[in-house]
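Chemist: Mind looking over this structure? Questions follow.
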Amino acid sequence: MTNFNIIPDRRKIFNKNKWTWYDKDILPMWVADMDFPAPKPILDALHKHLDHGVLGYEIPGRVLQETVSARMERLYKWKVQPEAVLTVTGIVSGFSVAARAFCSPKMGVAIQTPVYNEFHEVKNNVGIPQIDIPFVKSVKKNILTYEIDWDLFEKRVKKAGIFLLCNPHNPLGIIFSRNELTRMAEICIKHDVVIVSDEIHSELLLDGNKFIPMAKLSREIEKHVITLIAPSKTFNVPGLFCGFAIIPNKELRDRYENELNHLRLHVASPGLHAAQAAFSGKCDSWLAELNRYLTGNRDFLVNYVTKNLPNVRTTIPDATYLGWLDFTQTAIDGSPYEFFLKDARVAVSEGKIFGKEGAGHVRINFGTSRAILKEGLDKMKRVMEAL
Ligand SMILES: Cc1ncc(COP(=O)(O)O)c(C=O)c1O
């Protein structure tokens, strides 16, 4: 059994990280990494790699491709040819490469807002238009839900070169259903838009929820999809920067690989060794425990907000370790992110970085011990009471 209540100190690491970015007295509940050590099989693989002593060039080969392909078959019964698996230096570079390959100054990137801040950067590093497709927000009591406006989706997505899907969704915690995914895919196929499905959070499933990769829906849909996955969020190794682009359609894959090769993006060997261990299956019992712990944290967060933070609204995320809180109906004047940073000494993520719909909202990272989550929420509660 892993004890997720024990959190190692990261304040002494010399590089900047979640715990040293802000002043010492600030409790960090922002960037999307967790406070837990990676599972032992990954750490063992890294120790073995380092103990060898020679850290020469290593290029990912067939073994790693087969491991990724076997994981897709085991988790989803999705049969992927090993050669369809390309290694990328993380998912952000993975979708930027897709934008380079399939977008142009006329055919940009379509995104569903509010969404992960790096989705908003693609336009800048590639020089293409960004097409926002806002979700429709609803509130029942204090619970937020977000849905797709289908007419708007079709009207906007057809102008894009790629539709960059975030599933499960950061920061909203949505797992899209088979019907929703099929409808999105059919519209994209009708308008010849390449689907880039960022599935980095796909194994962080709360309540034992199930996940369906977009490309698994049908062989026809699969031809139009670039699937991006990584062990980084699931096993808390994002600092190793290793991810995978799965592209079964050879024509798409050749275009993607061409761009990838031009950029000369290589994953450092520890990332490759960690990914092999992470996707081998040896860490799956750790992951099941993690998802139970995170489900408890999600419940704690939602109950805490409901009972103790009047007029604050929250999502009930189905996946990820990210909560989304709406302060627009409270007495906080201006940005709640700045308010909590200054007055509560808690760093959450500014809602506006996820799109203009995020004004008055914050994202909170609950991938930490229950005690730290409670401490952060208590600090937020105290300053709200003093308003
Ligand atoms: C949806 C999503 N995609 C990508 C990333 C980052 O991926 P990477 O660090 O592999 O570039 C994150 C990190 O928070 C994320 O939430």
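Chains: A, B, ... in order of the structure tokens. Residues: from 1 per chain. Ligands: from 1, in order shown.
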Excluding same-chain residues fewer than 3 positions from A:Glu289, what lies within 8 Å of it counting only C-alpha atoms, as a list in words?
Modeler: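 Counting only the stated atoms, we get Met1, Thr2, Ser285, Trp286, Arg292 and Tyr293 of chain A.
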Chemist: Go ahead and write the residues just picked, C-alpha atoms, as an mmCIF file, in the first residue's frame.
Modeler:
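Final output, saved to out11.cif:
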```cif
data_model
loop_
_atom_site.group_PDB
_atom_site.id
_atom_site.type_symbol
_atom_site.label_atom_id
_atom_site.label_comp_id
_atom_site.auth_asym_id
_atom_site.auth_seq_id
_atom_site.Cartn_x
_atom_site.Cartn_y
_atom_site.Cartn_z
ATOM 1 C CA MET A 1 0.000 0.000 0.000
ATOM 2 C CA THR A 2 1.300 3.439 -0.871
ATOM 3 C CA SER A 285 -1.676 -1.427 -8.840
ATOM 4 C CA TRP A 286 -0.045 1.834 -7.668
ATOM 5 C CA ARG A 292 -8.843 5.920 -5.183
ATOM 6 C CA TYR A 293 -6.925 8.519 -3.190
#
```
Chemist: When you look at A:Ile316 with a cut-off of 9 Å (counting only C-alpha atoms), what residues show up, excluding the ones that are within fewer than 5 positions of it in the same chain? I need them as a PyMOL selection string.
Modeler: chain A and resi 143-145+172-174+298-299+302+323-324
Chemist: So, with only C-alpha atoms and all ligand atoms as the atoms that count, which of A:Phe14, A:Phe241, A:Phe327, A:Phe176 lies closest to ligand 1?
Modeler: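 Closest to ligand 1, using only C-alpha atoms and all ligand atoms: A:Phe241.
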Chemist: Per DSSP on the backbone, what are the alpha helix (DSSP H) residues of stretch 93-311 of chain A, as a PyMOL selection string?
Modeler: chain A and resi 93-102+122-126+150-157+178-190+219-222+250-263+269-278+284-308
Chemist: If you keep C-alpha atoms, can you produce a file of those selected residues as a CSV table (one decimal), in the first residue's frame?
Modeler:
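again38.csv, written as the output of this step:
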```csv
chain,number,residue,atom,x,y,z
A,93,SER,CA,5.5,19.7,-28.3
A,94,GLY,CA,3.4,16.9,-29.7
A,95,PHE,CA,0.5,19.1,-30.5
A,96,SER,CA,2.7,21.9,-31.7
A,97,VAL,CA,4.2,19.5,-34.3
A,98,ALA,CA,0.7,18.6,-35.4
A,99,ALA,CA,-0.1,22.3,-35.9
A,100,ARG,CA,3.0,22.8,-38.0
A,101,ALA,CA,2.1,19.8,-40.2
A,102,PHE,CA,-1.6,20.4,-40.7
A,122,VAL,CA,-0.1,27.0,-30.3
A,123,LYS,CA,-1.1,30.0,-32.5
A,124,ASN,CA,1.9,31.9,-31.3
A,125,ASN,CA,4.6,29.4,-31.9
A,126,VAL,CA,3.2,28.3,-35.2
A,150,TRP,CA,-23.1,21.6,-31.4
A,151,ASP,CA,-24.1,24.3,-33.9
A,152,LEU,CA,-21.3,26.5,-32.8
A,153,PHE,CA,-18.9,23.5,-32.9
A,154,GLU,CA,-19.6,22.8,-36.6
A,155,LYS,CA,-19.7,26.4,-37.6
A,156,ARG,CA,-16.3,27.1,-36.0
A,157,VAL,CA,-14.4,23.8,-36.4
A,178,ARG,CA,-18.8,7.8,-26.9
A,179,ASN,CA,-21.7,9.7,-28.4
A,180,GLU,CA,-20.1,13.1,-28.0
A,181,LEU,CA,-16.8,11.8,-29.3
A,182,THR,CA,-18.5,10.3,-32.3
A,183,ARG,CA,-20.4,13.4,-33.1
A,184,MET,CA,-17.2,15.6,-32.8
A,185,ALA,CA,-15.3,13.1,-35.0
A,186,GLU,CA,-18.1,13.0,-37.7
A,187,ILE,CA,-18.2,16.7,-38.0
A,188,CYS,CA,-14.4,17.0,-38.3
A,189,ILE,CA,-14.3,14.2,-40.9
A,190,LYS,CA,-17.1,15.9,-42.9
A,219,ARG,CA,-11.4,2.3,-38.0
A,220,GLU,CA,-12.8,5.2,-40.2
A,221,ILE,CA,-12.4,7.7,-37.3
A,222,GLU,CA,-9.0,6.4,-36.4
A,250,LYS,CA,0.4,6.4,-42.7
A,251,GLU,CA,-0.2,9.5,-44.7
A,252,LEU,CA,-0.8,11.6,-41.6
A,253,ARG,CA,2.0,9.9,-39.8
A,254,ASP,CA,4.5,10.7,-42.6
A,255,ARG,CA,3.5,14.4,-42.6
A,256,TYR,CA,3.8,14.5,-38.8
A,257,GLU,CA,7.1,12.7,-38.7
A,258,ASN,CA,8.5,14.9,-41.3
A,259,GLU,CA,7.9,18.0,-39.1
A,260,LEU,CA,9.0,16.1,-36.0
A,261,ASN,CA,12.3,15.2,-37.6
A,262,HIS,CA,13.0,18.8,-38.7
A,263,LEU,CA,12.7,19.9,-35.1
A,269,SER,CA,17.2,8.5,-22.1
A,270,PRO,CA,15.8,8.6,-18.5
A,271,GLY,CA,12.4,9.6,-20.0
A,272,LEU,CA,12.5,6.6,-22.3
A,273,HIS,CA,13.5,4.1,-19.5
A,274,ALA,CA,10.8,5.6,-17.2
A,275,ALA,CA,8.1,5.3,-20.0
A,276,GLN,CA,9.0,1.7,-20.6
A,277,ALA,CA,8.6,0.8,-16.9
A,278,ALA,CA,5.4,3.0,-16.6
A,284,ASP,CA,-0.9,-0.4,-12.4
A,285,SER,CA,-1.7,-1.4,-8.8
A,286,TRP,CA,0.0,1.8,-7.7
A,287,LEU,CA,-2.2,3.7,-10.2
A,288,ALA,CA,-5.4,2.0,-8.9
A,289,GLU,CA,-4.5,3.2,-5.3
A,290,LEU,CA,-3.7,6.6,-6.6
A,291,ASN,CA,-7.0,7.0,-8.4
A,292,ARG,CA,-8.8,5.9,-5.2
A,293,TYR,CA,-6.9,8.5,-3.2
A,294,LEU,CA,-7.6,11.2,-5.8
A,295,THR,CA,-11.3,10.3,-5.8
A,296,GLY,CA,-11.3,10.9,-2.0
A,297,ASN,CA,-9.6,14.2,-2.5
A,298,ARG,CA,-12.1,15.2,-5.2
A,299,ASP,CA,-15.0,14.4,-2.9
A,300,PHE,CA,-13.3,16.3,0.0
A,301,LEU,CA,-12.9,19.3,-2.3
A,302,VAL,CA,-16.5,19.3,-3.6
A,303,ASN,CA,-17.9,18.8,-0.1
A,304,TYR,CA,-15.7,21.4,1.4
A,305,VAL,CA,-16.7,24.0,-1.1
A,306,THR,CA,-20.4,23.1,-0.8
A,307,LYS,CA,-20.4,23.3,3.0
A,308,ASN,CA,-17.9,26.1,3.7
```
Chemist: Around ligand 1, at most 9 Å away and counting only C-alpha atoms and all ligand atoms, which residues are there? Put them as a VMD selection string, please.
Modeler: chain A and resid 31 to 33 88 to 95 115 to 119 165 to 171 198 to 201 228 to 233 238 to 243 320
Chemist: Those selected residues, please, written with C-alpha atoms and delivered as a JSON list (two decimals), in the first residue's frame.
Modeler:
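See out14.json below for the written result:
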```json
[["chain", "number", "residue", "atom", "x", "y", "z"],
["A", 31, "VAL", "CA", 0.91, 23.67, -11.88],
["A", 32, "ALA", "CA", -0.32, 20.21, -12.89],
["A", 33, "ASP", "CA", 2.10, 17.92, -11.19],
["A", 88, "VAL", "CA", 7.71, 13.07, -28.65],
["A", 89, "THR", "CA", 9.27, 15.32, -26.03],
["A", 90, "GLY", "CA", 5.98, 15.77, -24.25],
["A", 91, "ILE", "CA", 2.45, 16.49, -25.30],
["A", 92, "VAL", "CA", 2.81, 20.24, -25.77],
["A", 93, "SER", "CA", 5.55, 19.71, -28.35],
["A", 94, "GLY", "CA", 3.43, 16.86, -29.72],
["A", 95, "PHE", "CA", 0.48, 19.10, -30.54],
["A", 115, "VAL", "CA", -9.01, 24.87, -21.85],
["A", 116, "TYR", "CA", -5.41, 24.11, -20.81],
["A", 117, "ASN", "CA", -3.35, 27.29, -21.21],
["A", 118, "GLU", "CA", -0.77, 25.75, -23.57],
["A", 119, "PHE", "CA", -3.57, 25.18, -26.12],
["A", 165, "LEU", "CA", -9.36, 18.03, -28.25],
["A", 166, "CYS", "CA", -8.57, 17.82, -24.55],
["A", 167, "ASN", "CA", -10.01, 14.55, -23.23],
["A", 168, "PRO", "CA", -10.21, 14.15, -20.27],
["A", 169, "HIS", "CA", -10.52, 17.86, -20.10],
["A", 170, "ASN", "CA", -8.14, 20.19, -18.24],
["A", 171, "PRO", "CA", -9.41, 22.20, -16.32],
["A", 198, "ASP", "CA", -4.65, 15.15, -26.15],
["A", 199, "GLU", "CA", -5.34, 12.20, -23.86],
["A", 200, "ILE", "CA", -2.59, 12.89, -21.33],
["A", 201, "HIS", "CA", -5.07, 12.60, -18.41],
["A", 228, "LEU", "CA", -1.23, 12.02, -27.76],
["A", 229, "ILE", "CA", -0.52, 10.11, -24.58],
["A", 230, "ALA", "CA", 2.21, 10.08, -21.94],
["A", 231, "PRO", "CA", 3.10, 8.48, -18.62],
["A", 232, "SER", "CA", 3.86, 11.94, -17.24],
["A", 233, "LYS", "CA", 0.59, 12.91, -15.50],
["A", 238, "PRO", "CA", 6.33, 15.16, -16.09],
["A", 239, "GLY", "CA", 9.89, 16.40, -15.56],
["A", 240, "LEU", "CA", 11.17, 13.56, -17.75],
["A", 241, "PHE", "CA", 9.42, 14.94, -20.86],
["A", 242, "CYS", "CA", 8.44, 11.85, -22.77],
["A", 243, "GLY", "CA", 5.21, 11.30, -24.66],
["A", 320, "THR", "CA", -7.68, 14.47, -13.52]]
```
Chemist: Among stretch 155-188 of chain A, which residues does DSSP mark as strand (DSSP E) when it is run on the backbone? Keep the chain and numbering as in the structure and answer as a list of chain:residue names.
Modeler: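 Restricting stretch 155-188 of chain A to strand (DSSP E) produces A:Ala160, A:Gly161, A:Ile162, A:Phe163, A:Leu164, A:Leu165, A:Cys166.
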Chemist: Could the residues in this selection be written to a file with C-alpha atoms, as a PDB file, in the first residue's frame?
Modeler:
```pdb
ATOM      1  CA  ALA A 160      -9.643  24.753 -38.754  1.00  0.00           C
ATOM      2  CA  GLY A 161      -6.709  22.667 -39.930  1.00  0.00           C
ATOM      3  CA  ILE A 162      -6.706  20.766 -36.629  1.00  0.00           C
ATOM      4  CA  PHE A 163      -9.231  20.302 -33.865  1.00  0.00           C
ATOM      5  CA  LEU A 164      -7.227  20.044 -30.660  1.00  0.00           C
ATOM      6  CA  LEU A 165      -9.364  18.033 -28.253  1.00  0.00           C
ATOM      7  CA  CYS A 166      -8.575  17.825 -24.549  1.00  0.00           C
TER       8      CYS A 166
END
```
